[in-house]
Each structure stands twice: as structure tokens, then as C-alpha cells.
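Dropping protein_28.pdb in here (PDB, C-alpha atoms):
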ATOM      1  CA  MET J  17     -25.504 100.254 -41.438
ATOM      2  CA  THR J  18     -25.618  97.068 -39.427
ATOM      3  CA  LYS J  19     -25.206  97.142 -35.667
ATOM      4  CA  THR J  20     -21.661  95.765 -36.000
ATOM      5  CA  GLU J  21     -20.774  98.431 -38.576
ATOM      6  CA  LYS J  22     -22.104 101.159 -36.275
ATOM      7  CA  TYR J  23     -19.973  99.900 -33.379
ATOM      8  CA  THR J  24     -16.821  99.460 -35.469
ATOM      9  CA  SER J  25     -17.267 102.975 -36.839
ATOM     10  CA  LEU J  26     -18.038 104.461 -33.407
ATOM     11  CA  ILE J  27     -15.142 102.978 -31.425
ATOM     12  CA  PRO J  28     -12.368 104.977 -33.154
ATOM     13  CA  GLN J  29     -14.510 108.111 -32.820
ATOM     14  CA  ILE J  30     -14.840 107.538 -29.077
ATOM     15  CA  GLN J  31     -11.110 106.862 -28.803
ATOM     16  CA  ALA J  32     -10.424 110.135 -30.610
ATOM     17  CA  VAL J  33     -12.341 112.222 -28.057
ATOM     18  CA  MET J  34     -11.154 110.382 -24.940
ATOM     19  CA  ASP J  35      -8.877 112.752 -23.073
ATOM     20  CA  PRO J  36      -6.508 111.325 -20.451
ATOM     21  CA  LYS J  37      -5.909 114.868 -19.160
ATOM     22  CA  VAL J  38      -9.467 115.162 -17.834
ATOM     23  CA  ASP J  39     -11.257 113.050 -15.268
ATOM     24  CA  ILE J  40     -13.318 109.968 -15.949
ATOM     25  CA  ILE J  41     -16.644 111.829 -15.613
ATOM     26  CA  ALA J  42     -15.947 114.057 -18.621
ATOM     27  CA  ASN J  43     -15.006 111.013 -20.678
ATOM     28  CA  MET J  44     -18.124 109.148 -19.521
ATOM     29  CA  ALA J  45     -20.250 112.124 -20.588
ATOM     30  CA  ASN J  46     -18.862 112.127 -24.121
ATOM     31  CA  MET J  47     -19.083 108.345 -24.365
ATOM     32  CA  ALA J  48     -22.738 108.308 -23.253
ATOM     33  CA  THR J  49     -23.609 111.043 -25.727
ATOM     34  CA  MET J  50     -21.910 109.320 -28.655
ATOM     35  CA  LEU J  51     -23.573 105.969 -27.929
ATOM     36  CA  HIS J  52     -26.949 107.613 -27.414
ATOM     37  CA  GLU J  53     -26.800 109.617 -30.648
ATOM     38  CA  THR J  54     -25.455 106.745 -32.746
ATOM     39  CA  PHE J  55     -28.036 104.164 -31.686
ATOM     40  CA  GLY J  56     -31.003 106.260 -30.533
ATOM     41  CA  PHE J  57     -31.337 104.336 -27.264
ATOM     42  CA  TRP J  58     -34.016 105.368 -24.744
ATOM     43  CA  TRP J  59     -31.476 105.978 -21.944
ATOM     44  CA  THR J  60     -27.681 105.779 -22.016
ATOM     45  CA  GLY J  61     -25.457 106.512 -19.063
ATOM     46  CA  PHE J  62     -23.298 105.574 -16.154
ATOM     47  CA  TYR J  63     -23.737 104.805 -12.502
ATOM     48  CA  ARG J  64     -20.576 105.297 -10.455
ATOM     49  CA  VAL J  65     -19.621 103.237  -7.413
ATOM     50  CA  ILE J  66     -19.527 105.678  -4.483
ATOM     51  CA  ASN J  67     -19.632 104.593  -0.825
ATOM     52  CA  ASN J  68     -20.801 101.073  -1.698
ATOM     53  CA  GLU J  69     -23.743 102.094  -3.867
ATOM     54  CA  LEU J  70     -24.268 103.072  -7.491
ATOM     55  CA  VAL J  71     -24.762 106.815  -7.907
ATOM     56  CA  LEU J  72     -26.095 108.405 -11.082
ATOM     57  CA  GLY J  73     -23.350 109.725 -13.346
ATOM     58  CA  PRO J  74     -23.314 111.280 -16.813
ATOM     59  CA  PHE J  75     -26.261 110.213 -18.967
ATOM     60  CA  GLN J  76     -28.473 111.014 -21.945
ATOM     61  CA  GLY J  77     -32.214 110.481 -21.796
ATOM     62  CA  PRO J  78     -35.113 111.062 -19.415
ATOM     63  CA  LEU J  79     -35.019 111.359 -15.634
ATOM     64  CA  ALA J  80     -33.197 108.495 -13.907
ATOM     65  CA  CYS J  81     -32.903 106.807 -10.541
ATOM     66  CA  THR J  82     -30.169 108.491  -8.511
ATOM     67  CA  ARG J  83     -28.976 105.636  -6.279
ATOM     68  CA  ILE J  84     -28.985 101.852  -6.671
ATOM     69  CA  ALA J  85     -27.964  99.360  -3.994
ATOM     70  CA  PHE J  86     -25.418  96.577  -4.509
ATOM     71  CA  GLY J  87     -27.144  93.563  -6.073
ATOM     72  CA  ARG J  88     -30.403  95.425  -6.742
ATOM     73  CA  GLY J  89     -31.950  95.696 -10.197
ATOM     74  CA  VAL J  90     -30.047  95.067 -13.417
ATOM     75  CA  CYS J  91     -27.299  97.577 -12.580
ATOM     76  CA  GLY J  92     -26.747  96.264  -9.060
ATOM     77  CA  THR J  93     -26.767  92.680 -10.364
ATOM     78  CA  SER J  94     -24.100  93.482 -12.969
ATOM     79  CA  TRP J  95     -21.970  95.060 -10.239
ATOM     80  CA  LYS J  96     -22.464  92.155  -7.816
ATOM     81  CA  GLU J  97     -21.868  89.424 -10.409
ATOM     82  CA  ARG J  98     -19.021  91.345 -12.112
ATOM     83  CA  ARG J  99     -20.423  90.662 -15.570
ATOM     84  CA  THR J 100     -22.446  92.132 -18.405
ATOM     85  CA  VAL J 101     -26.177  91.538 -18.001
ATOM     86  CA  VAL J 102     -28.482  91.507 -21.039
ATOM     87  CA  VAL J 103     -32.209  91.690 -20.327
ATOM     88  CA  PRO J 104     -34.505  91.138 -23.353
ATOM     89  CA  ASP J 105     -37.644  92.076 -21.372
ATOM     90  CA  VAL J 106     -37.239  94.069 -18.148
ATOM     91  CA  GLU J 107     -40.692  92.931 -16.978
ATOM     92  CA  GLN J 108     -39.253  89.406 -16.708
ATOM     93  CA  PHE J 109     -36.191  90.424 -14.651
ATOM     94  CA  PRO J 110     -36.717  89.729 -10.932
ATOM     95  CA  GLY J 111     -36.223  92.908  -8.932
ATOM     96  CA  HIS J 112     -36.064  95.225 -11.940
ATOM     97  CA  ILE J 113     -36.042  98.878 -10.871
ATOM     98  CA  ALA J 114     -38.518 100.738 -13.048
ATOM     99  CA  CYS J 115     -37.118 104.262 -13.298
ATOM    100  CA  SER J 116     -39.286 104.631 -16.410
ATOM    101  CA  SER J 117     -42.180 102.511 -17.630
ATOM    102  CA  ALA J 118     -41.014 103.213 -21.199
ATOM    103  CA  SER J 119     -37.912 101.057 -20.722
ATOM    104  CA  ARG J 120     -38.483  97.596 -22.201
ATOM    105  CA  SER J 121     -35.017  96.003 -22.540
ATOM    106  CA  GLU J 122     -31.642  96.750 -20.978
ATOM    107  CA  ILE J 123     -27.934  95.992 -21.000
ATOM    108  CA  VAL J 124     -25.507  96.795 -18.204
ATOM    109  CA  VAL J 125     -21.727  96.554 -18.580
ATOM    110  CA  PRO J 126     -19.302  96.876 -15.656
ATOM    111  CA  VAL J 127     -16.423  99.361 -15.903
ATOM    112  CA  PHE J 128     -13.247  97.982 -14.337
ATOM    113  CA  GLN J 129     -10.155  99.795 -13.077
ATOM    114  CA  ASN J 130      -7.409  97.664 -11.528
ATOM    115  CA  GLU J 131      -9.780  94.671 -11.192
ATOM    116  CA  GLU J 132     -12.326  96.784  -9.282
ATOM    117  CA  ILE J 133     -15.677  97.912 -10.656
ATOM    118  CA  VAL J 134     -15.817 101.715 -10.544
ATOM    119  CA  ALA J 135     -19.009 102.165 -12.564
ATOM    120  CA  VAL J 136     -21.528 100.457 -14.801
ATOM    121  CA  LEU J 137     -22.612 101.502 -18.279
ATOM    122  CA  ASP J 138     -26.408 101.192 -18.373
ATOM    123  CA  ILE J 139     -28.388 101.354 -21.614
ATOM    124  CA  ASP J 140     -32.168 101.044 -21.895
ATOM    125  CA  SER J 141     -34.329 100.642 -24.986
ATOM    126  CA  ALA J 142     -38.002 101.392 -25.495
ATOM    127  CA  GLU J 143     -38.190  98.180 -27.561
ATOM    128  CA  LEU J 144     -38.075  94.539 -26.443
ATOM    129  CA  ASN J 145     -35.069  92.360 -27.342
ATOM    130  CA  THR J 146     -32.834  95.250 -28.403
ATOM    131  CA  PHE J 147     -29.579  93.924 -26.983
ATOM    132  CA  ASP J 148     -27.613  90.779 -27.807
ATOM    133  CA  GLU J 149     -24.100  89.331 -27.803
ATOM    134  CA  ILE J 150     -22.991  91.885 -30.426
ATOM    135  CA  ASP J 151     -23.905  94.745 -28.083
ATOM    136  CA  ALA J 152     -22.279  92.960 -25.146
ATOM    137  CA  ARG J 153     -19.026  92.450 -27.048
ATOM    138  CA  TYR J 154     -18.675  95.999 -28.341
ATOM    139  CA  LEU J 155     -19.988  97.746 -25.220
ATOM    140  CA  GLN J 156     -17.470  95.798 -23.116
ATOM    141  CA  GLU J 157     -14.747  97.036 -25.463
ATOM    142  CA  ILE J 158     -16.047 100.597 -25.194
ATOM    143  CA  ALA J 159     -16.322 100.427 -21.389
ATOM    144  CA  SER J 160     -12.752  99.145 -21.203
ATOM    145  CA  LEU J 161     -11.584 102.437 -22.709
ATOM    146  CA  LEU J 162     -12.274 103.977 -19.277
ATOM    147  CA  SER J 163     -10.003 101.551 -17.443
ATOM    148  CA  ASP J 164      -6.970 103.853 -17.483
ATOM    149  CA  PHE J 165      -8.689 107.056 -16.370
ATOM    150  CA  GLU J 166      -8.461 108.418 -12.866
ATOM    151  CA  GLU J 167     -11.602 108.392 -10.801
TER     152      GLU J 167
END
Show me this structure written as C-alpha cells.
Amino acid sequence: MTKTEKYTSLIPQIQAVMDPKVDIIANMANMATMLHETFGFWWTGFYRVINNELVLGPFQGPLACTRIAFGRGVCGTSWKERRTVVVPDVEQFPGHIACSSASRSEIVVPVFQNEEIVAVLDIDSAELNTFDEIDARYLQEIASLLSDFEE
């Protein structure tokens, strides 16, 4: 399957397990798991905005950083600039936070609720140049599925 085919197949599956009767954390956990298993990423998860910093949320993969400051690293930059950030080579990203030396490329997508960023979806790959505009498009669509859930 192509990357696009994987995303178009995965989105209805994610929609099917999203449960508006449970909180956003449970839905983030299932979403991270489904993305991680479908694509085999190195690390897939969420950082939630709590008290003006990003705090580790549900994830799949190895040990992760627990707190990230506003504007710091790829996650903090995505939050500050309110946009998806694609990094082909994390070694070339100024201020990259190296939670794991195995991470080589990264994409971070903000999660909005009522125009406010409540979390970021962070995905790392052990390969260079993993992420592109196809990932950005579909991951933004997937992240938007969390926009109606209570924090």
C-alpha cells in the first residue's frame, strides 16, 4: 500500500473507535496506537498543553521527554507557530530536543479546540526524510478528529 492508501484506510478506522463519551486522553491513546502500528514509526504520541508547557501524554514507543517549554524543540515550535512542522533531519533543526538519538526525522501537528492548541501530535522516525506534505495533510485531518472532545 502507498502512504496515501494507508492514511485513507486508517482514517475511517480511527473515526470508528473515537468515543465522544470518554475523555480526550483515551481517544489520543487509541489514535497514537493505530498510527504507530499502521506505519511502524519510531515514536508516536501526544504532548498536552498544561500550565503553559507541553506535558507528555499517551504515546507508543521508547522513553520520552516529559515536559517541553513553549517554543522549544520541534514540538514547542509547532505550538508557538500554530502550524505543522516537518523536519527531514532532526540534526539540522536548531534547538532540537534529543529525547532519543535514534530519532532522525520528525513531524509535529497541533491539535486545536476552539482556536486554542490543546496538544501536539508528535511522530518520530528512525529514518531520514520520512515525512512530507502527504503526512502533513492526513495527520492534520486525523488531529482534527480530537477537536470536539473535552479536555
Expand the PyMOL selection byres ((chain J and resi 147) around 7) into the individual residues it matches in the shown file, reporting them as a list in words. Val102, Pro104, Glu122, Ile123, Asn145, Thr146, Asp148 and Asp151 of chain J
Exercise: residues within 12 Å of coordinate (-16.9, 86.8, -10.2), counting all atoms listed in the file, as a list of chain:residue names |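 Protein and nucleic acid residues near the point are J:Thr93, J:Ser94, J:Trp95, J:Lys96, J:Glu97, J:Arg98, J:Arg99, J:Thr100, J:Pro126, J:Glu131, J:Glu132, J:Ile133.
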Answer key for the PyMOL selection byres ((chain J and resi 42) around 12), residues as a short mmCIF file (atom, residue, chain, number, x, y, z; two decimals) with C-alpha atoms, in the coordinates of the input:
data_model
loop_
_atom_site.label_atom_id
_atom_site.label_comp_id
_atom_site.auth_asym_id
_atom_site.auth_seq_id
_atom_site.Cartn_x
_atom_site.Cartn_y
_atom_site.Cartn_z
CA VAL J 33 -12.34 112.22 -28.06
CA MET J 34 -11.15 110.38 -24.94
CA ASP J 35 -8.88 112.75 -23.07
CA PRO J 36 -6.51 111.32 -20.45
CA LYS J 37 -5.91 114.87 -19.16
CA VAL J 38 -9.47 115.16 -17.83
CA ASP J 39 -11.26 113.05 -15.27
CA ILE J 40 -13.32 109.97 -15.95
CA ILE J 41 -16.64 111.83 -15.61
CA ASN J 43 -15.01 111.01 -20.68
CA MET J 44 -18.12 109.15 -19.52
CA ALA J 45 -20.25 112.12 -20.59
CA ASN J 46 -18.86 112.13 -24.12
CA MET J 47 -19.08 108.34 -24.36
CA ALA J 48 -22.74 108.31 -23.25
CA THR J 49 -23.61 111.04 -25.73
CA PHE J 62 -23.30 105.57 -16.15
CA GLY J 73 -23.35 109.72 -13.35
CA PRO J 74 -23.31 111.28 -16.81
CA PHE J 75 -26.26 110.21 -18.97
CA LEU J 162 -12.27 103.98 -19.28
CA PHE J 165 -8.69 107.06 -16.37
CA GLU J 166 -8.46 108.42 -12.87
CA GLU J 167 -11.60 108.39 -10.80
#
Go through J:Leu26, J:Val125, J:Ala118, J:Val134 and flag the residue nearest His52 of chain J, using only C-alpha atoms for the distances.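 Closest to His52 of chain J of all the choices is J:Leu26.
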Checklist entry - Quick one, how far is atom CA of Gln29 of chain J from atom CA of Leu72 of chain J? => result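 Taking atom CA of Gln29 of chain J as the start and atom CA of Leu72 of chain J as the end point, the length is 24.6 Å.
Each of J:Asn68, J:Thr60, J:Ser160, J:Ser121 was checked against Ala80 of chain J using all atoms listed in the file; the smallest atom-to-atom distance is that of J:Thr60.
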Using all heavy atoms, give me segment 74-85 of chain J from the structure I just pasted, as a compact mmCIF listing (two decimals), in the first residue's frame.
# COMPACT_ATOMS: atom_id res chain seq x y z
N PRO J 74 -0.46 10.35 26.04
CA PRO J 74 -0.43 8.98 25.53
C PRO J 74 0.56 8.84 24.37
O PRO J 74 0.61 9.70 23.49
CB PRO J 74 -1.86 8.75 25.05
CG PRO J 74 -2.68 9.74 25.78
CD PRO J 74 -1.80 10.93 25.98
N PHE J 75 1.32 7.74 24.38
CA PHE J 75 2.29 7.53 23.30
C PHE J 75 2.59 6.06 23.13
O PHE J 75 2.30 5.24 24.01
CB PHE J 75 3.58 8.32 23.55
CG PHE J 75 4.46 7.76 24.64
CD1 PHE J 75 5.50 6.88 24.34
CD2 PHE J 75 4.27 8.13 25.96
CE1 PHE J 75 6.31 6.38 25.34
CE2 PHE J 75 5.09 7.63 26.96
CZ PHE J 75 6.11 6.75 26.65
N GLN J 76 3.23 5.73 22.01
CA GLN J 76 3.76 4.41 21.70
C GLN J 76 5.22 4.61 21.32
O GLN J 76 5.54 5.50 20.54
CB GLN J 76 3.01 3.79 20.52
CG GLN J 76 1.56 3.50 20.79
CD GLN J 76 1.38 2.32 21.71
OE1 GLN J 76 1.95 1.25 21.48
NE2 GLN J 76 0.62 2.51 22.77
N GLY J 77 6.09 3.78 21.87
CA GLY J 77 7.50 3.88 21.54
C GLY J 77 8.35 3.93 22.79
O GLY J 77 7.86 3.71 23.90
N PRO J 78 9.64 4.23 22.63
CA PRO J 78 10.56 4.26 23.76
C PRO J 78 10.33 5.47 24.67
O PRO J 78 9.53 6.35 24.36
CB PRO J 78 11.94 4.31 23.10
CG PRO J 78 11.69 4.94 21.77
CD PRO J 78 10.31 4.51 21.36
N LEU J 79 11.05 5.48 25.76
CA LEU J 79 11.02 6.56 26.74
C LEU J 79 11.03 7.93 26.07
O LEU J 79 11.68 8.11 25.05
CB LEU J 79 12.26 6.43 27.64
CG LEU J 79 12.33 7.30 28.87
CD1 LEU J 79 11.29 6.85 29.88
CD2 LEU J 79 13.72 7.22 29.47
N ALA J 80 10.29 8.88 26.65
CA ALA J 80 10.16 10.20 26.03
C ALA J 80 10.43 11.31 27.04
O ALA J 80 10.35 11.10 28.25
CB ALA J 80 8.76 10.36 25.47
N CYS J 81 10.69 12.49 26.53
CA CYS J 81 10.80 13.68 27.36
C CYS J 81 9.43 13.91 28.02
O CYS J 81 8.40 13.68 27.39
CB CYS J 81 11.17 14.90 26.52
SG CYS J 81 12.74 14.74 25.67
N THR J 82 9.42 14.39 29.24
CA THR J 82 8.13 14.56 29.93
C THR J 82 7.58 15.97 29.84
O THR J 82 6.37 16.16 29.92
CB THR J 82 8.24 14.15 31.41
OG1 THR J 82 9.28 14.91 32.02
CG2 THR J 82 8.52 12.66 31.53
N ARG J 83 8.44 16.97 29.68
CA ARG J 83 7.96 18.35 29.61
C ARG J 83 8.78 19.12 28.56
O ARG J 83 9.99 18.95 28.48
CB ARG J 83 8.10 19.05 30.96
CG ARG J 83 7.25 18.41 32.03
CD ARG J 83 7.34 19.15 33.36
NE ARG J 83 6.59 18.47 34.39
CZ ARG J 83 5.28 18.54 34.55
NH1 ARG J 83 4.56 19.27 33.74
NH2 ARG J 83 4.68 17.88 35.53
N ILE J 84 8.06 19.96 27.80
CA ILE J 84 8.72 20.76 26.77
C ILE J 84 8.19 22.19 26.88
O ILE J 84 6.97 22.41 26.92
CB ILE J 84 8.43 20.20 25.36
CG1 ILE J 84 8.98 18.76 25.25
CG2 ILE J 84 9.04 21.09 24.29
CD1 ILE J 84 8.62 18.04 23.97
N ALA J 85 9.09 23.14 26.89
CA ALA J 85 8.71 24.55 27.03
C ALA J 85 8.15 25.11 25.72
O ALA J 85 8.48 24.64 24.62
CB ALA J 85 9.92 25.37 27.46
